[in-house]
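Next comes start.cif, with mmCIF, C-alpha atoms.
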```cif
data_data
#
loop_
_atom_site.label_atom_id
_atom_site.label_comp_id
_atom_site.auth_asym_id
_atom_site.auth_seq_id
_atom_site.Cartn_x
_atom_site.Cartn_y
_atom_site.Cartn_z
CA MET A 1 116.48 66.75 135.92
CA SER A 2 113.68 69.29 136.46
CA LYS A 3 110.49 69.25 134.48
CA THR A 4 111.50 72.57 132.89
CA ALA A 5 114.88 71.27 131.77
CA SER A 6 113.30 68.08 130.51
CA GLY A 7 110.70 70.06 128.60
CA ASN A 8 113.34 72.28 126.99
CA HIS A 9 115.34 69.19 125.96
CA PHE A 10 112.23 67.63 124.39
CA PHE A 11 111.40 70.87 122.58
CA LYS A 12 114.90 71.05 121.09
CA ASP A 13 114.71 67.41 119.99
CA PHE A 14 111.31 68.02 118.45
CA GLN A 15 112.59 71.04 116.52
CA ALA A 16 115.58 69.02 115.29
CA MET A 17 113.28 66.24 114.11
CA LYS A 18 111.18 68.77 112.19
CA VAL A 19 114.30 70.08 110.45
CA VAL A 20 115.46 66.56 109.56
CA LYS A 21 112.00 65.65 108.28
CA ALA A 22 111.80 68.80 106.17
CA PHE A 23 115.22 68.08 104.71
CA MET A 24 114.19 64.54 103.82
CA VAL A 25 111.03 65.77 102.08
CA PHE A 26 113.01 68.38 100.18
CA SER A 27 115.56 65.72 99.09
CA VAL A 28 112.82 63.45 97.76
CA ILE A 29 111.21 66.30 95.83
CA ALA A 30 114.58 67.37 94.41
CA ALA A 31 115.37 63.83 93.33
CA CYS A 32 112.01 63.54 91.58
CA VAL A 33 112.58 66.82 89.78
CA LEU A 34 116.02 65.72 88.64
CA LEU A 35 114.71 62.40 87.39
CA SER A 36 111.80 63.96 85.52
CA CYS A 37 114.02 66.56 83.89
CA GLY A 38 116.84 64.21 83.04
CA GLY A 39 119.18 66.05 85.40
CA ASN A 40 119.23 69.28 83.38
CA SER A 41 117.32 72.51 82.94
CA GLY A 42 115.29 71.12 80.07
CA THR A 43 116.31 73.96 77.77
CA ASP A 44 118.83 72.08 75.64
CA VAL A 45 116.90 69.66 73.47
CA ALA A 46 120.12 67.85 72.52
CA GLU A 47 120.46 66.45 76.02
CA ASP A 48 117.37 64.22 75.99
CA VAL A 49 118.98 61.63 73.68
CA VAL A 50 121.29 58.99 75.15
CA SER A 51 124.91 59.27 74.21
CA TYR A 52 125.09 55.80 72.65
CA ASP A 53 122.44 53.36 71.48
CA PRO A 54 123.74 51.00 68.76
CA PHE A 55 120.34 50.29 67.20
CA LEU A 56 121.83 50.93 63.74
CA LYS A 57 125.04 49.00 64.32
CA GLY A 58 126.48 47.70 61.06
CA MET A 59 124.33 49.88 58.79
CA THR A 60 126.29 51.81 56.18
CA PHE A 61 125.10 55.17 54.94
CA ALA A 62 126.00 57.96 52.53
CA VAL A 63 125.16 61.65 52.61
CA THR A 64 124.41 64.19 49.91
CA GLY A 65 123.84 67.78 50.90
CA ASN A 66 125.07 71.36 50.74
CA SER A 67 127.46 73.40 52.90
CA ILE A 68 125.81 72.17 56.11
CA SER A 69 126.97 68.60 55.38
CA SER A 70 130.23 69.37 53.59
CA TYR A 71 133.66 68.91 55.18
CA LYS A 72 137.20 69.14 53.89
CA ASN A 73 138.76 65.85 52.75
CA THR A 74 135.54 63.84 53.11
CA GLN A 75 134.13 64.52 49.64
CA PRO A 76 135.24 63.63 46.10
CA LYS A 77 138.09 65.71 44.71
CA GLY A 78 136.87 69.04 43.37
CA TYR A 79 133.68 69.14 45.42
CA HIS A 80 133.29 72.43 47.28
CA TYR A 81 133.27 72.35 51.07
CA ASN A 82 132.44 74.74 53.91
CA TYR A 83 133.51 73.12 57.16
CA THR A 84 137.17 72.59 58.01
CA PRO A 85 138.98 71.42 61.16
CA GLU A 86 139.57 75.09 61.96
CA LYS A 87 135.82 75.81 61.89
CA LEU A 88 134.52 72.65 63.50
CA PRO A 89 136.02 69.33 64.65
CA LEU A 90 135.22 66.44 62.33
CA ASP A 91 133.50 64.50 65.09
CA SER A 92 131.07 67.39 65.64
CA MET A 93 129.47 67.06 62.19
CA TRP A 94 125.89 65.75 62.32
CA TRP A 95 126.78 62.65 60.32
CA SER A 96 129.73 61.87 62.60
CA LEU A 97 127.43 62.15 65.61
CA LEU A 98 124.79 59.99 63.94
CA ALA A 99 127.38 57.26 63.36
CA LYS A 100 128.91 57.59 66.82
CA LYS A 101 125.58 57.48 68.66
CA THR A 102 123.96 54.63 66.70
CA GLY A 103 126.78 52.37 65.57
CA ALA A 104 126.15 53.10 61.88
CA VAL A 105 129.07 53.65 59.47
CA MET A 106 129.25 56.52 56.98
CA ILE A 107 131.01 55.38 53.81
CA ALA A 108 130.52 58.37 51.49
CA ASN A 109 129.90 62.11 51.66
CA SER A 110 128.75 63.53 48.34
CA SER A 111 127.84 67.01 49.60
CA TRP A 112 128.72 70.21 47.76
CA SER A 113 128.86 73.56 49.52
CA GLY A 114 126.53 76.12 47.94
CA ALA A 115 124.75 73.49 45.87
CA THR A 116 121.14 73.75 44.82
CA VAL A 117 118.74 71.06 43.74
CA ALA A 118 117.38 73.05 40.80
CA ILE A 119 119.36 74.91 38.14
CA ARG A 120 120.66 78.32 39.20
CA THR A 121 119.89 81.28 36.98
CA ASP A 122 121.38 83.92 39.30
CA LYS A 123 125.00 83.00 38.65
CA ASP A 124 127.16 82.29 35.61
CA ASN A 125 129.64 79.44 35.30
CA VAL A 126 127.97 77.15 37.82
CA ASP A 127 129.58 73.70 37.78
CA THR A 128 126.81 71.50 36.45
CA ILE A 129 127.92 68.51 38.49
CA SER A 130 127.13 70.47 41.67
CA TYR A 131 123.38 70.01 41.24
CA PHE A 132 121.90 67.36 43.49
CA TYR A 133 120.45 65.44 40.54
CA SER A 134 123.73 65.27 38.58
CA ASP A 135 124.93 61.80 37.61
CA ASN A 136 128.31 62.60 39.15
CA ARG A 137 126.86 63.25 42.60
CA VAL A 138 124.39 60.37 42.47
CA ASN A 139 127.10 57.93 41.35
CA SER A 140 129.56 59.15 43.99
CA LEU A 141 127.24 57.93 46.74
CA ALA A 142 128.47 54.38 45.99
CA ARG A 143 132.16 55.13 45.44
CA ASN A 144 132.99 52.99 48.50
CA GLY A 145 130.27 50.42 47.95
CA VAL A 146 126.50 50.63 47.77
CA PRO A 147 125.28 52.17 51.05
CA GLY A 148 122.51 50.70 53.16
CA ALA A 149 120.94 54.13 53.49
CA VAL A 150 121.24 57.57 51.88
CA PHE A 151 120.42 60.83 53.64
CA VAL A 152 119.57 63.88 51.52
CA LEU A 153 119.79 67.33 53.14
CA GLY A 154 119.05 70.03 50.62
CA GLY A 155 116.73 72.84 49.65
CA THR A 156 117.82 75.77 51.79
CA ASN A 157 119.89 77.29 48.96
CA ASP A 158 117.00 76.80 46.54
CA TRP A 159 114.70 78.71 48.88
CA SER A 160 117.28 81.48 49.20
CA ILE A 161 117.97 81.79 45.47
CA GLY A 162 114.40 81.21 44.35
CA PRO A 163 113.94 79.02 41.26
CA GLU A 164 110.36 78.41 40.19
CA PHE A 165 108.60 76.05 42.55
CA GLY A 166 106.90 73.75 40.05
CA SER A 167 104.53 70.92 40.89
CA GLU A 168 104.02 67.21 40.28
CA GLU A 169 103.06 68.15 36.73
CA SER A 170 106.57 69.58 36.26
CA GLY A 171 107.89 66.08 35.72
CA PHE A 172 111.69 66.27 35.78
CA ASP A 173 111.95 69.94 34.84
CA VAL A 174 115.24 70.87 36.53
CA ASN A 175 114.43 74.56 36.27
CA THR A 176 111.92 74.00 39.08
CA PHE A 177 112.54 72.89 42.64
CA TYR A 178 109.85 70.22 42.47
CA GLY A 179 111.05 68.81 39.15
CA ALA A 180 114.74 68.77 40.04
CA TYR A 181 114.09 67.17 43.44
CA SER A 182 111.92 64.55 41.73
CA LEU A 183 114.67 63.76 39.23
CA MET A 184 117.29 63.38 41.97
CA THR A 185 115.01 61.07 43.94
CA HIS A 186 114.16 59.03 40.84
CA LYS A 187 117.86 58.56 40.02
CA ILE A 188 118.82 57.46 43.52
CA ARG A 189 115.89 55.06 43.80
CA THR A 190 116.63 53.59 40.34
CA ARG A 191 120.37 53.15 40.84
CA TYR A 192 120.17 51.90 44.41
CA PRO A 193 116.85 50.04 44.65
CA ASP A 194 117.82 48.18 47.84
CA THR A 195 119.04 51.30 49.63
CA ARG A 196 116.83 53.03 52.16
CA LEU A 197 116.41 56.65 51.06
CA TYR A 198 115.79 59.43 53.60
CA LEU A 199 114.72 62.83 52.31
CA CYS A 200 115.19 65.44 55.03
CA SER A 201 113.24 68.66 55.40
CA ILE A 202 114.84 72.05 54.89
CA LEU A 203 116.57 72.91 58.16
CA PRO A 204 115.37 75.90 60.21
CA ARG A 205 117.18 79.16 59.58
CA ARG A 206 116.89 82.82 60.54
CA GLN A 207 113.90 83.49 58.29
CA ASN A 208 110.37 82.46 59.20
CA PRO A 209 109.46 79.14 57.51
CA ASP A 210 106.31 80.74 56.08
CA LYS A 211 108.20 83.63 54.50
CA LYS A 212 107.86 83.61 50.71
CA ASN A 213 111.01 83.88 48.61
CA ARG A 214 111.29 85.92 45.42
CA ALA A 215 109.69 83.09 43.44
CA GLY A 216 106.72 83.08 45.80
CA TRP A 217 107.23 79.87 47.80
CA SER A 218 108.09 79.24 51.44
CA MET A 219 110.30 76.70 53.19
CA ASN A 220 107.16 75.04 54.56
CA GLN A 221 105.92 74.62 50.99
CA GLY A 222 109.30 73.22 50.03
CA ASN A 223 109.08 70.73 52.86
CA GLN A 224 105.62 69.64 51.77
CA ALA A 225 107.00 69.05 48.27
CA ILE A 226 109.83 66.92 49.68
CA LYS A 227 107.31 64.95 51.73
CA ASP A 228 105.09 64.36 48.67
CA ILE A 229 108.07 63.28 46.56
CA ALA A 230 109.21 60.88 49.28
CA GLN A 231 105.79 59.27 49.32
CA LYS A 232 105.66 58.99 45.54
CA TYR A 233 109.06 57.31 45.23
CA GLY A 234 108.95 55.07 48.28
CA ALA A 235 111.46 57.11 50.27
CA VAL A 236 111.22 58.20 53.92
CA TYR A 237 110.58 61.83 54.81
CA LEU A 238 112.56 62.96 57.87
CA ASP A 239 111.03 66.11 59.32
CA LEU A 240 113.83 68.09 60.98
CA SER A 241 111.92 71.38 61.07
CA ASN A 242 111.49 71.08 64.86
CA CYS A 243 115.06 70.06 65.66
CA GLY A 244 115.53 73.29 67.64
CA LEU A 245 118.10 75.27 65.64
CA ASP A 246 115.82 78.30 65.59
CA ARG A 247 115.31 78.29 69.36
CA ASN A 248 118.64 80.03 69.84
CA LEU A 249 120.26 80.93 66.52
CA SER A 250 123.24 82.63 68.14
CA LEU A 251 124.06 79.44 70.07
CA TYR A 252 123.14 76.79 67.52
CA THR A 253 124.31 78.52 64.33
CA SER A 254 127.25 80.72 63.43
CA ASP A 255 125.30 82.96 61.10
CA GLY A 256 121.61 82.07 61.29
CA LEU A 257 122.10 79.15 58.89
CA HIS A 258 125.25 77.07 59.43
CA PRO A 259 125.12 74.95 62.60
CA THR A 260 127.68 75.15 65.36
CA ALA A 261 128.76 71.99 67.23
CA LYS A 262 125.69 72.29 69.46
CA GLY A 263 123.50 72.82 66.41
CA MET A 264 124.94 69.75 64.70
CA GLU A 265 124.03 67.72 67.75
CA LEU A 266 120.44 68.95 67.56
CA ILE A 267 120.24 67.74 63.96
CA ALA A 268 121.76 64.34 64.75
CA ASP A 269 119.55 63.82 67.78
CA GLU A 270 116.38 64.70 65.90
CA MET A 271 117.36 62.21 63.21
CA ILE A 272 117.94 59.56 65.86
CA ARG A 273 114.50 60.21 67.36
CA ARG A 274 112.89 59.80 63.95
CA LEU A 275 114.89 56.69 63.09
CA ARG A 276 114.07 55.08 66.41
CA ALA A 277 110.39 55.71 65.82
CA GLU A 278 110.70 54.12 62.39
CA LYS A 279 112.36 51.06 63.85
CA ARG A 280 109.67 50.77 66.54
CA ASN A 281 107.10 50.77 63.76
CA GLY A 282 108.86 47.79 62.21
CA SER A 283 110.19 49.56 59.13
CA LEU A 284 113.42 48.49 57.48
CA ILE A 285 116.05 51.10 58.20
CA GLY A 286 118.80 49.99 55.87
CA LYS A 287 120.84 46.99 54.92
CA LYS A 288 124.02 46.15 56.80
CA HIS A 289 127.46 45.66 55.33
#
```

Could you spell out this file's structure in structure tokens?
Amino acid sequence: MSKTASGNHFFKDFQAMKVVKAFMVFSVIAACVLLSCGGNSGTDVAEDVVSYDPFLKGMTFAVTGNSISSYKNTQPKGYHYNYTPEKLPLDSMWWSLLAKKTGAVMIANSSWSGATVAIRTDKDNVDTISYFYSDNRVNSLARNGVPGAVFVLGGTNDWSIGPEFGSEESGFDVNTFYGAYSLMTHKIRTRYPDTRLYLCSILPRRQNPDKKNRAGWSMNQGNQAIKDIAQKYGAVYLDLSNCGLDRNLSLYTSDGLHPTAKGMELIADEMIRRLRAEKRNGSLIGKKH
């Protein structure tokens, strides 16, 4: 073989080696990027929670909320509901996902669609048992046995309707948000002293959380009240204000308020993050059945 032919052959081999080397470097970089991003674009906050981690296995829980937590045939007879199988599959509800992903067991849903914590003055003929603090709703939490934990999701309808805000000095004045929420918390803590009580923040919605309602208080102020009440009564405040619903309201809600299946997963996953952190800190999460 001539020197020229040999040189050309070497040059081609050298160029091929450079291509192979470049490809290998690119593959390593790509793999690192995929690992650091969890294999996704990083835009869907629901994807950074594992699909199943039974760290709550055996814990029973009950739920009391409004339309966001209500579902046909899961509540006591006569309780109003929003979600149906036609709107959303049962296993897409946030409480179904919480149970599925952690091994916990929901034993009661005492939610009421359209319910407020405080007394409504904007509407006649409101069913008095619909209020969060009503004995009927508090008692129904244990209709299938005393739960190990209770999750309370309420306040968005109060912000929308606008009862007086109140303060700690309001006592149990149910005409105020602060007083009615305090009464509900007091009743649950008194009737179920061994149950872990989780008071959740008002979920994000279309309106800015600092926007004042007609009574002059914002959702952020409402959340601070819930946090203060939780501390006073030995409950746990679960801050869901950064769960991500407001990052894409058209994707995560159907109307700027009610979560879609993807929105429900954001709620469940944020709860799981908070509950995991609580367990890491050594706190009791809830008794098992």

| query | Evaluating the PyMOL selection byres ((chain A and resi 177) around 9) on the displayed file yields which residues, as a ChimeraX atom specification? | reply | /A:116-119,155,158-159,162-167,173-176,178-182,222,225

| What's the 8 Å shell around Thr260 in chain A, counting all atoms listed in the file, without same-chain residues fewer than 4 positions away, as a list in words? |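 The filter keeps Leu88, Leu251, Tyr252, Thr253, Ser254 and Met264 of chain A.
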
| request: Could you tell me how far CA of Tyr52 in chain A lies from CA of Lys279 in chain A, in Å and to one decimal? | output: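 Between these atoms lies a distance of 16.2 Å.
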
| task | Show which residues sit within 8 Å of range 92-101 of chain A, as a VMD selection string. Count only C-alpha atoms, and ignore same-chain residues fewer than 5 positions away. | result | chain A and resid 50 to 54 63 69 106 261 264 to 265 267 to 269 271 to 272

Now that the selection is made, can you save its residues with C-alpha atoms as a JSON list (two decimals), keeping the file's coordinate frame?
```json
[["chain", "number", "residue", "atom", "x", "y", "z"],
["A", 50, "VAL", "CA", 121.29, 58.99, 75.15],
["A", 51, "SER", "CA", 124.91, 59.27, 74.21],
["A", 52, "TYR", "CA", 125.09, 55.80, 72.65],
["A", 53, "ASP", "CA", 122.44, 53.36, 71.48],
["A", 54, "PRO", "CA", 123.74, 51.00, 68.76],
["A", 63, "VAL", "CA", 125.16, 61.65, 52.61],
["A", 69, "SER", "CA", 126.97, 68.60, 55.38],
["A", 106, "MET", "CA", 129.25, 56.52, 56.98],
["A", 261, "ALA", "CA", 128.76, 71.99, 67.23],
["A", 264, "MET", "CA", 124.94, 69.75, 64.70],
["A", 265, "GLU", "CA", 124.03, 67.72, 67.75],
["A", 267, "ILE", "CA", 120.24, 67.74, 63.96],
["A", 268, "ALA", "CA", 121.76, 64.34, 64.75],
["A", 269, "ASP", "CA", 119.55, 63.82, 67.78],
["A", 271, "MET", "CA", 117.36, 62.21, 63.21],
["A", 272, "ILE", "CA", 117.94, 59.56, 65.86]]
```

| query | How many Å lie between CA of Pro147 in chain A and CA of His258 in chain A, rounded to one decimal? | reply |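 Here the two named atoms are 26.3 Å from each other.
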
| Which of these, A:Asn136, A:Gln207, A:Ser67, A:Thr195, has the shortest distance to Val236 in chain A once you count only C-alpha atoms? |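 Of the candidates, the smallest distance to Val236 in chain A is held by A:Thr195.
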
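Note that the spacing between CA of Ile229 in chain A and CA of Glu278 in chain A amounts to 18.5 Å.
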
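Closest to Thr64 in chain A among A:Tyr237, A:Tyr192, A:Phe132, A:Trp217 is A:Phe132, based on all atoms listed in the file.
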
| query | Of the residues A:Asp135, A:Asp91, A:Asp122, A:Asp228, which is the one nearest to Ser110 in chain A, using only C-alpha atoms? | reply |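 Between A:Asp135, A:Asp91, A:Asp122, A:Asp228, the residue approaching Ser110 in chain A most closely is A:Asp135.
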
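Distances from A:Thr84, A:Asn109, A:Ser160, A:Ser170 to Gly216 in chain A were compared using all atoms listed in the file, and the smallest one belongs to A:Ser160.
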
| task | Could you please give me, as a PyMOL selection string, the residues of protein, DNA or RNA lying at most 12 Å from (115.8, 80.3, 58.1) in the coordinate frame of the file, considering only C-alpha atoms? | result | chain A and resi 155-157+159-160+202-213+218-220+241+244-247+249+253+255-259

| query | Which of these residues is nearest to Thr121 in chain A, using all atoms listed in the file: A:Ile161, A:Arg143, A:Lys187, A:Leu153? | reply |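 Nearest candidate to Thr121 in chain A out of A:Ile161, A:Arg143, A:Lys187, A:Leu153: A:Ile161.
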
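Residues lying within 7 Å of Leu240 in chain A, counting all atoms listed in the file and ignoring same-chain neighbours fewer than 3 positions away, are Cys200, Ser201, Leu203, Cys243 and Glu270 of chain A.
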
| remark: Closest of A:Arg189, A:Lys262, A:Leu275, A:Arg214 to Lys232 in chain A, counting only C-alpha atoms, is A:Arg189

Just give me the residues with any atom within 7 Å of (109.5, 61.9, 35.4), file coordinates, counting all atoms listed in the file, written as a short mmCIF file (atom, residue, chain, number, x, y, z; two decimals) with C-alpha atoms, in the frame of the given file.
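Written output follows (part_38.cif):
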```cif
data_model
loop_
_atom_site.label_atom_id
_atom_site.label_comp_id
_atom_site.auth_asym_id
_atom_site.auth_seq_id
_atom_site.Cartn_x
_atom_site.Cartn_y
_atom_site.Cartn_z
CA GLY A 171 107.89 66.08 35.72
CA PHE A 172 111.69 66.27 35.78
CA LEU A 183 114.67 63.76 39.23
#
```
